[in-house]
Amino acid sequence: MPIKMNNESKYFDRELSWLSFNRLVLEQIKDQNLPLFERIKFLAIYSSNLDEFYRIRVAHHRSLIDLPKKNRKSLEYSPEKVLAYIKKEVSERQKEYENEFYNQIIPELEECGIILYRDQELEEEHTTFLSEFFFKELLPEIQPVLLSSSGAVLSFLKDNVIYIAIKIWRKNRIDENKANYAVIQVPAKTMGRFISLPKLNGKYLVMFLEDIIRRYLPVIFPGYEIDSSYSIKLSRDAYLMVEDEFSGNLLNKLRKSLKQRKTGFPARFQYDKEMPKDLIEVLKLAFNITDSDFVTAGRYLNFNDFFDFKNPLSPKYELEPLKQLHHPVFDHYDSIMEAVEKHDVLLHFPYHTYDYVLRFFSEAAVDPDVEEIKTTQYRVATNSAVVNALIAAAENGKDVTVFIEVKARFDEAANIYFAEKMEEAGINVIAGIPGLKVHAKAALVIKRSTKKKTGKKGYAFLSTGNFNEKTATQYSDEGFFTANNDIIKDLKKLFLYLETPVERFNFKSILVPRFNMIDVFRKKIDREIQNAEEGKKAYLLFKMNGLSDKEMIDMLYNAGDKNVEIDLIVRGICKLRPEKPFSKNIQITRIVDRFLEHSRIYAFYNDGDWEVYISSSDLLTRNIRRRVESIIPVYDKKLIKEIISILKIQLKDNTKAKFLDKDINNIDKKPETGDNLYRAQIDTYLYLQKKTLMGLY
């Protein structure tokens with residue numbers, strides 16, 4: 001059902017915009033042109049997205065309801081109305097989601113010879129296998145908890161963990177009308193969610209762990225008749241409250257807050273819609289849950305576990321992997337830094353290999369002429385090769401400074417661990433700036449010049465995404481190597497600011513929010529307006545993950561009104577409302593495909609002399625008001641041409657791309673009869689592959 005907006009509103013609601021984006025993920029599950037296991041991956045992505053949405057955004061709106069009336073006057077919206085719409089929208093999409101799983105995915109798996117066992121009769125060999133598995137491995141992990149139907153003793157549910165809620169009756173009791181109730185935690189984190197059974201007649205058999213528990217409930221509850229059982233899950237508020245970031249040990253305070261996250265207030269209580277009312281009432285009392293917490297679901301929850309659902313027939317029913325490309329410039333030199341001294345180099349991940357980035361850090365760690373390494377870390381990879389190289393550099397006597405953002409949501413524990421590990425190795429670790437998040441993606445290497453005995457040379461790697469070798473194979477990002485003196489000078493200032501955030505710096509080349517970014521954007525947009533007024537072509541081409549800042553949106557509205565053509569590629573949240581009298585000449589494209597579109601690029605036409613920036617920053621209010629970001633100019637004309645070519649490929653996409661309309665709906669880009677089909681991610685790969693093969697660098 002299409003969403004209908006208030007006709008007068010100039011801005012989309014942030015949450016409705018995000019839900020509109022998640023609809024695109026749901027469409028990937030339905031796309032029969034995608035291989036089966038690619039659609040299963042999107043099952044997991046959709047579920048994971050919603051979990052985070054409830055734990056952060058819904059929990060935030062729920063907290064606003066309890067504000068005193070005098071404090072709520074400053075709100076521009078009604079949290080109750082937003083929450084009501086969210087519940088309605090999510091419930092409608094849940095029906096579609098479950099229909100795809102039960103009526104499409106499961107039958108297709110069966111056609112491929114992969115059986116998800118639920119209530120089917122089991123063969124004797126499977127019964128024997130399950131019995132051995134249950135008694136030897138699973139039973140020691142089972143801890144049933146009887147519930148108080150009066151609510152006299154409150155029980156506790158862990159965050160984002162599946163439980164089975166069970167209704168049981170005592171055997172041989174006179175009072176047969178009094179049911180008993182219990183819950184069992186499903187130990188999926190330790191046992192795995194999907195248990196493979198012995199193959200039968202060439203077919204692969206898999207059971208959900210909770211279904212195995214259900215089969216053995218009579219063993220778990222001797223002396224009871226089993227009435228029924230249902231899956232439940234509680235998602236808790238994931239916001240970390242640090243009372244005072246400006247004094248004391250921030251790491252210790254974050255550790256304390258991480259423990260509190262596990263016991264946060266309810267944000268969503270999912271339960272099987274078949275559950276009887278008496279059990280629902282007992283759960284309310286036992287866990288202190290309100291009606292507003294309840295969200296209906298099906299028999300199975302936590303579909304993000306499907307990230308771990310193995311394909312026994314791999315690579316069948318999967319997308320053919322794209323062989324990562326090498327870059328001719330780097331392959332021409334033995335040293336990454338030698339190449340960067342002579343050329344600016346732009347890599348497009350995941351199409352290009354990330355090995356060059358790892359080589360850059362490894363080379364800096366062992367090069368005897370390297371004196372200093374400074375870098376930021378936001379979301380650190382497990383067993384990070386970058387962190388290992390930085391530790392090696394410190395052990396080799398380099399002066400290494402790492403700013404690690406310990407407040408990166410859901411990565412706090414990992415980042416604290418790596419911060420401590422680096423400190424132990426002698427690295428100067430700066431673990432967060434009070435009141436700010438550092439989201440910049442920057443690395444700077446200072447090396448003694450071999451040409452000038454007293455001189456020093458700087459080399460930088462800058463990115464739109466995290467320095468994380470795992471996500472570099474899954475996210476579409478830009479990685480930029482440069483030794484440009486103007487950029488290096490500004491990066492030195494940026495790192496000085498990170499070490500002494502009370503100082504002000506004059507950045508001349510790079511843009512940094514809270515310093516010069518908004519003013520420079522305004523001047524460049526005003527220049528496009530002036531060009532339009534003079535009858536010249538005026539054009540803005542921006543790509544980002546999110547757009548919510550009203551000042552930036554109003555700048556774009558004004559430019560469009562003055563005949564500046566504007567193309568926006570916005571993957572997620574977008575509060576700008578197109579197709580209205582106040583948003584002339586603005587078109588918004590969204591792309592959801594096999595890789596997460598994550599790069600941020602801001603391109604200003606400038607009467608044909610393009611000015612292009614790659615950025616760690618979206619145009620969300622949090623990014624440009626409350627974070628430290630790095631927006632980096634690209635000066636090389638060949639690289640500018642390459643970036644613009646790739647952005648234009650994305651605008652041509654008529655396979656996976658959608659237009660965003662005035663009612664926040666995603667509209668198909670229907671090709672005209674006889675038109676070629678374009679798919680941006682495949683076409684981008686082919687474009688870069690051709691450049692590589694033809695040596696066009």
# chains A, B, ... in the order shown; residues from 1 in each chain; ligands from 1
call {"tool": "select_by_dssp", "arguments": {"residues": "segment 429-671 of chain A", "states": "helix (DSSP H, G or I)", "output": "PyMOL selection string"}}
result
chain A and resi 471-473+485-499+517-533+550-561+581-583+606-608+621-626+637-652
call {"tool": "select_by_dssp", "arguments": {"residues": "segment 108-353 of chain A", "states": "strand (DSSP E or B)", "output": "PyMOL selection string"}}
result
chain A and resi 114-117+145-146+159+162-170+180-185+194-200+203-208+224-236+266-272+294-297+325+345-349+352
call {"tool": "closest_residue", "arguments": {"among": "A:Leu319, A:Ile166, A:Gln120, A:Asn288", "to": "Asn33 of chain A", "atoms": "only C-alpha atoms"}}
result
A:Leu319
call {"tool": "closest_residue", "arguments": {"among": "A:Val345, A:Ile213, A:Val386, A:Val380", "to": "Val329 of chain A", "atoms": "only C-alpha atoms"}}
result
A:Val345
call {"tool": "residues_around", "arguments": {"residues": "segment 553-560 of chain A", "least_positions_apart": "4", "cutoff": "6 Å", "atoms": "only C-alpha atoms", "output": "list in words"}}
result
Ile529, Val564, Ser583, Lys584 and Asn585 of chain A
call {"tool": "atom_distance", "arguments": {"atom1": "atom CA of Ile212 of chain A", "atom2": "atom CA of Leu36 of chain A"}}
result
25.3 Å
